[in-house]
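Just below is one structure, and these are the notes that go with it.
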Amino acid sequence: MAKPNSKATLIDFCFRSLGAPVIEINVDDDQVDDRIDEALQFYQNYHMDGVERVFLKHKVTNSELTTAAASNGTFVENEIITGGTSGAKATIKSVTSTTKLRYNSLIDSNIPFQVGDVITGGTSGATGTIAANGIVKGDIENRFIPINSLVQNVVRVIPIRDSVSTSDMFDIRYQIHLNDLYSLGFMGSLAEYVMSMQYLDMLDNVVDSDEKQINFDLHKNQLDIFMHWSQEVEVDDFLVVECYRIIDPDTYTDVYDDYFLKRYATALIKRQWGTNLLKFEGMQMPGGVTFNGRQLFDDANEEITRLEEEARLNWEQPVDFYTG
């Protein structure tokens, strides 16, 4: 038996499972493609083997303005520029060329720069006109980072500052390790040590937590991070995101040979076949053969329901919950 390693070979497998080439499968090619895509979507959403846990890094960027021509004069770093029409203001972070300059964020986020704005440097007096497509917003101004479309769910942003790993000798964790760790293996209590660490972690979360509040929307492909961007991160800093990402079947072709996916895709195509034949239900062909699309449709529906229940009960990742 050939192992499916692409969409085409998976379709061939499903057709053979339904009786082809002995029996003609009355399903259009576009309908088959739709059912395979539907099967993959369900598999990637609800089957633990369809995704992988990964840590993705992202380099923080700032915003960039491009002028239509070389600026009249020379802008300087750390001066405030003002848009003549919009009234927008920002502090220059760097000047990369005679037509490009960068800033982290607007002084007033409600007043953005506009195309055609004549920007003026508050210190240098230099001027320039913002070109068409000359405004590129960075992460600090947007307050979110782009996320790859393969990412299904974001768990957390790794804390930028980790107080647990400090080596400060006056830190309470350092003192516990210094005084108690030696005796722990001889007469100390491991339970007391673990409880002390858990209590200190709770205090750190309440008093000095660096855990970021986030909002991830699958269809926007962006991760909103609620923090004071201009104070907590710098340009070219890295943010690390813990997330679950789809295992791309075109890269890892063994996905097409997954036992559940083959059965589920076959059932979806079978239901489509039954749907197509419902129009001819009861029609009698030469020789006395009668179409029975309803039975085919009902059998496929029953099989799909059973497979989806099996996936949700046996193969879905555990659903996170809150306790309190």
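We name chains A, B, ... following the order of the structure tokens; residues begin at 1 in each chain, and ligands are numbered from 1 as shown.
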Please list as number ranges by chain every residue within 12 Å of Ile25 (chain A), counting only C-alpha atoms and excluding residues in the same chain fewer than 4 positions away.
A: 11-12, 14-21, 29, 31-32, 266, 269-274, 276-277, 296
Dump N, CA and C atoms for the selected residues as a compact mmCIF listing (two decimals), in the first residue's frame?
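selection_14.txt, written as the output of this step:
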# COMPACT_ATOMS: atom_id res chain seq x y z
N ILE A 11 -5.77 12.08 -1.81
CA ILE A 11 -7.03 11.98 -2.55
C ILE A 11 -7.15 10.61 -3.21
N ASP A 12 -6.04 10.13 -3.80
CA ASP A 12 -6.06 8.80 -4.42
C ASP A 12 -6.39 7.73 -3.38
N CYS A 14 -8.12 8.10 -0.58
CA CYS A 14 -9.53 8.22 -0.19
C CYS A 14 -10.44 7.61 -1.26
N PHE A 15 -10.12 7.87 -2.53
CA PHE A 15 -10.95 7.33 -3.61
C PHE A 15 -10.88 5.80 -3.63
N ARG A 16 -9.69 5.24 -3.43
CA ARG A 16 -9.58 3.79 -3.39
C ARG A 16 -10.36 3.21 -2.21
N SER A 17 -10.35 3.94 -1.09
CA SER A 17 -11.09 3.47 0.08
C SER A 17 -12.59 3.45 -0.17
N LEU A 18 -13.06 4.33 -1.07
CA LEU A 18 -14.49 4.42 -1.37
C LEU A 18 -14.89 3.49 -2.52
N GLY A 19 -13.90 2.80 -3.13
CA GLY A 19 -14.25 1.83 -4.16
C GLY A 19 -13.69 2.09 -5.53
N ALA A 20 -13.04 3.23 -5.76
CA ALA A 20 -12.43 3.51 -7.07
C ALA A 20 -11.23 2.58 -7.26
N PRO A 21 -10.91 2.18 -8.47
CA PRO A 21 -11.60 2.55 -9.74
C PRO A 21 -12.74 1.60 -10.11
N ASP A 29 -13.66 17.54 -8.86
CA ASP A 29 -12.30 17.76 -8.35
C ASP A 29 -12.24 18.91 -7.36
N GLN A 31 -14.65 19.95 -5.43
CA GLN A 31 -15.29 19.49 -4.20
C GLN A 31 -14.33 18.64 -3.38
N VAL A 32 -13.55 17.80 -4.04
CA VAL A 32 -12.58 16.97 -3.34
C VAL A 32 -11.52 17.84 -2.67
N THR A 266 -11.60 10.69 4.07
CA THR A 266 -12.42 9.74 3.32
C THR A 266 -13.90 9.92 3.67
N ILE A 269 -15.33 13.09 1.99
CA ILE A 269 -15.57 12.90 0.55
C ILE A 269 -16.80 12.00 0.35
N LYS A 270 -16.96 11.01 1.20
CA LYS A 270 -18.12 10.12 1.11
C LYS A 270 -19.41 10.91 1.33
N ARG A 271 -19.40 11.84 2.30
CA ARG A 271 -20.60 12.65 2.53
C ARG A 271 -20.89 13.55 1.33
N GLN A 272 -19.81 14.11 0.73
CA GLN A 272 -20.00 14.94 -0.46
C GLN A 272 -20.60 14.12 -1.60
N TRP A 273 -20.13 12.89 -1.74
CA TRP A 273 -20.68 11.98 -2.75
C TRP A 273 -22.17 11.75 -2.51
N GLY A 274 -22.52 11.48 -1.24
CA GLY A 274 -23.92 11.28 -0.91
C GLY A 274 -24.75 12.52 -1.16
N ASN A 276 -24.23 14.80 -3.42
CA ASN A 276 -24.41 14.94 -4.86
C ASN A 276 -25.50 14.00 -5.38
N LEU A 277 -25.61 12.81 -4.78
CA LEU A 277 -26.58 11.82 -5.26
C LEU A 277 -27.98 12.03 -4.70
N LEU A 296 -26.08 6.65 1.67
CA LEU A 296 -24.65 7.00 1.62
C LEU A 296 -24.38 8.24 2.46
Using DSSP secondary structure from the backbone, list all alpha helix (DSSP H) positions within region 286-318 of chain A, as a ChimeraX atom specification. /A:293-310
For the selection you just gave me, I'd like the residues written to a file as a PDB file, in the first residue's frame, keeping N, CA and C atoms.
ATOM      1  N   GLY A 293     -28.742   7.718  -2.562  1.00  0.00           N
ATOM      2  CA  GLY A 293     -27.805   8.689  -2.015  1.00  0.00           C
ATOM      3  C   GLY A 293     -28.052   8.995  -0.550  1.00  0.00           C
ATOM      4  N   ARG A 294     -29.308   8.877  -0.108  1.00  0.00           N
ATOM      5  CA  ARG A 294     -29.641   9.181   1.286  1.00  0.00           C
ATOM      6  C   ARG A 294     -28.898   8.249   2.241  1.00  0.00           C
ATOM      7  N   GLN A 295     -28.825   6.955   1.906  1.00  0.00           N
ATOM      8  CA  GLN A 295     -28.129   5.994   2.769  1.00  0.00           C
ATOM      9  C   GLN A 295     -26.638   6.299   2.829  1.00  0.00           C
ATOM     10  N   LEU A 296     -26.082   6.646   1.671  1.00  0.00           N
ATOM     11  CA  LEU A 296     -24.652   6.998   1.618  1.00  0.00           C
ATOM     12  C   LEU A 296     -24.377   8.241   2.457  1.00  0.00           C
ATOM     13  N   PHE A 297     -25.254   9.240   2.351  1.00  0.00           N
ATOM     14  CA  PHE A 297     -25.105  10.490   3.103  1.00  0.00           C
ATOM     15  C   PHE A 297     -25.212  10.232   4.605  1.00  0.00           C
ATOM     16  N   ASP A 298     -26.210   9.451   5.018  1.00  0.00           N
ATOM     17  CA  ASP A 298     -26.412   9.179   6.446  1.00  0.00           C
ATOM     18  C   ASP A 298     -25.259   8.376   7.030  1.00  0.00           C
ATOM     19  N   ASP A 299     -24.759   7.391   6.297  1.00  0.00           N
ATOM     20  CA  ASP A 299     -23.628   6.595   6.779  1.00  0.00           C
ATOM     21  C   ASP A 299     -22.402   7.475   6.985  1.00  0.00           C
ATOM     22  N   ALA A 300     -22.143   8.373   6.027  1.00  0.00           N
ATOM     23  CA  ALA A 300     -20.977   9.262   6.129  1.00  0.00           C
ATOM     24  C   ALA A 300     -21.134  10.217   7.307  1.00  0.00           C
ATOM     25  N   ASN A 301     -22.341  10.744   7.500  1.00  0.00           N
ATOM     26  CA  ASN A 301     -22.583  11.657   8.621  1.00  0.00           C
ATOM     27  C   ASN A 301     -22.315  10.976   9.953  1.00  0.00           C
ATOM     28  N   GLU A 302     -22.775   9.742  10.077  1.00  0.00           N
ATOM     29  CA  GLU A 302     -22.569   8.998  11.312  1.00  0.00           C
ATOM     30  C   GLU A 302     -21.074   8.753  11.564  1.00  0.00           C
ATOM     31  N   GLU A 303     -20.363   8.443  10.516  1.00  0.00           N
ATOM     32  CA  GLU A 303     -18.927   8.193  10.654  1.00  0.00           C
ATOM     33  C   GLU A 303     -18.174   9.471  11.022  1.00  0.00           C
ATOM     34  N   ILE A 304     -18.544  10.588  10.402  1.00  0.00           N
ATOM     35  CA  ILE A 304     -17.898  11.874  10.695  1.00  0.00           C
ATOM     36  C   ILE A 304     -18.139  12.272  12.148  1.00  0.00           C
ATOM     37  N   THR A 305     -19.367  12.111  12.618  1.00  0.00           N
ATOM     38  CA  THR A 305     -19.687  12.441  14.015  1.00  0.00           C
ATOM     39  C   THR A 305     -18.844  11.615  14.977  1.00  0.00           C
ATOM     40  N   ARG A 306     -18.701  10.329  14.677  1.00  0.00           N
ATOM     41  CA  ARG A 306     -17.908   9.455  15.542  1.00  0.00           C
ATOM     42  C   ARG A 306     -16.430   9.849  15.528  1.00  0.00           C
ATOM     43  N   LEU A 307     -15.891  10.176  14.354  1.00  0.00           N
ATOM     44  CA  LEU A 307     -14.474  10.555  14.248  1.00  0.00           C
ATOM     45  C   LEU A 307     -14.208  11.879  14.956  1.00  0.00           C
ATOM     46  N   GLU A 308     -15.120  12.847  14.825  1.00  0.00           N
ATOM     47  CA  GLU A 308     -14.927  14.140  15.481  1.00  0.00           C
ATOM     48  C   GLU A 308     -14.989  13.988  16.993  1.00  0.00           C
ATOM     49  N   GLU A 309     -15.883  13.153  17.477  1.00  0.00           N
ATOM     50  CA  GLU A 309     -15.955  12.902  18.913  1.00  0.00           C
ATOM     51  C   GLU A 309     -14.677  12.208  19.396  1.00  0.00           C
ATOM     52  N   GLU A 310     -14.173  11.272  18.613  1.00  0.00           N
ATOM     53  CA  GLU A 310     -12.937  10.587  18.961  1.00  0.00           C
ATOM     54  C   GLU A 310     -11.769  11.570  19.044  1.00  0.00           C
TER      55      GLU A 310
END
May I ask which of the residues A:Gln231, A:Asn110, A:Phe144, A:Leu56 is the closest one to Ile158 (chain A), counting only C-alpha atoms?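 Closest to Ile158 (chain A) of all the choices is A:Leu56.
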CA of Asn221 (chain A) sits from CA of Val155 (chain A) at a separation of 14.7 Å
* **Shell of 10 Å around Thr67 (chain A), only C-alpha atoms, local chain residues under 3 positions omitted, as a list in words** =>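 Listing them by chain and then by number gives Ala70, Ser71, Thr98, Thr99, Lys100, Leu101, Val115, Gly116, Asp117, Val118, Ile119, Thr127, Gly128, Thr129, Ile130, Ala131, Ala132, Asn133, Gly134 and Ile135 of chain A.
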*Residue with smallest distance to Asp37 (chain A) - pool A:Ile80, A:Val51, A:Ala126, A:Ala265, counting only C-alpha atoms*: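 Using only C-alpha atoms, the shortest distance to Asp37 (chain A) belongs to A:Ala265.
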Surrounding residues of Asp217 (chain A) excluding itself and chain neighbours under 6 positions, 12 Å, only C-alpha atoms, as a list in words: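 Close residues of Asp217 (chain A): Phe144, Ile145, Pro146, Ile147, Asn148, Ser149, Val151, Gln152, Asn153, Val154, Leu223, Asp224 and Ile225 of chain A.
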Residue with the minimum atom-to-atom distance to Asn62 (chain A), picked from A:Ala90, A:Ala8, A:Ile140, A:Val76 with only C-alpha atoms counted, is A:Ile140
Worksheet item: Please, which residues of region 106-168 of chain A, numbered as in this document, come out strand (DSSP E) from DSSP, as a list in words?
Response: Leu106, Val118, Ile119, Thr120, Gly121, Thr127, Gly128, Thr129, Ile130, Ala131, Ala132, Asn133, Gly134, Ile135, Val136, Phe144, Ile145, Pro146, Val151, Gln152, Asn153, Val154, Val155, Arg156 and Val157 of chain A
* Asked: Hey, what's within 8 Å of Leu106 (chain A) if we count only C-alpha atoms and toss same-chain stuff fewer than 4 positions away? As a VMD selection string, please?
  -> chain A and resid 88 to 91 111 to 112 141
Kindly give the distance, in Å, that separates CA of Asp257 (chain A) and CA of Lys7 (chain A), rounded to a single decimal.
->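 We find that CA of Asp257 (chain A) and CA of Lys7 (chain A) lie 10.1 Å from each other.
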Could you work out how far CA of Ser105 (chain A) lies from CA of Thr74 (chain A), giving the answer in Å with one decimal?
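Taking CA of Thr74 (chain A) as the start and CA of Ser105 (chain A) as the end point, the length is 20.8 Å.
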Original post:
Using only C-alpha atoms, which residue out of A:Lys93, A:Lys220, A:Lys212, A:Lys3 lies closest to Val240 (chain A)?
Top reply: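 Selected residue with least distance to Val240 (chain A): A:Lys212.
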- Among listed residues A:Thr85, A:Asn314, A:Ser230, A:Asn5, nearest Phe260 (chain A) (using only C-alpha atoms):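 Counting only C-alpha atoms, the residue closest to Phe260 (chain A) is A:Asn314.
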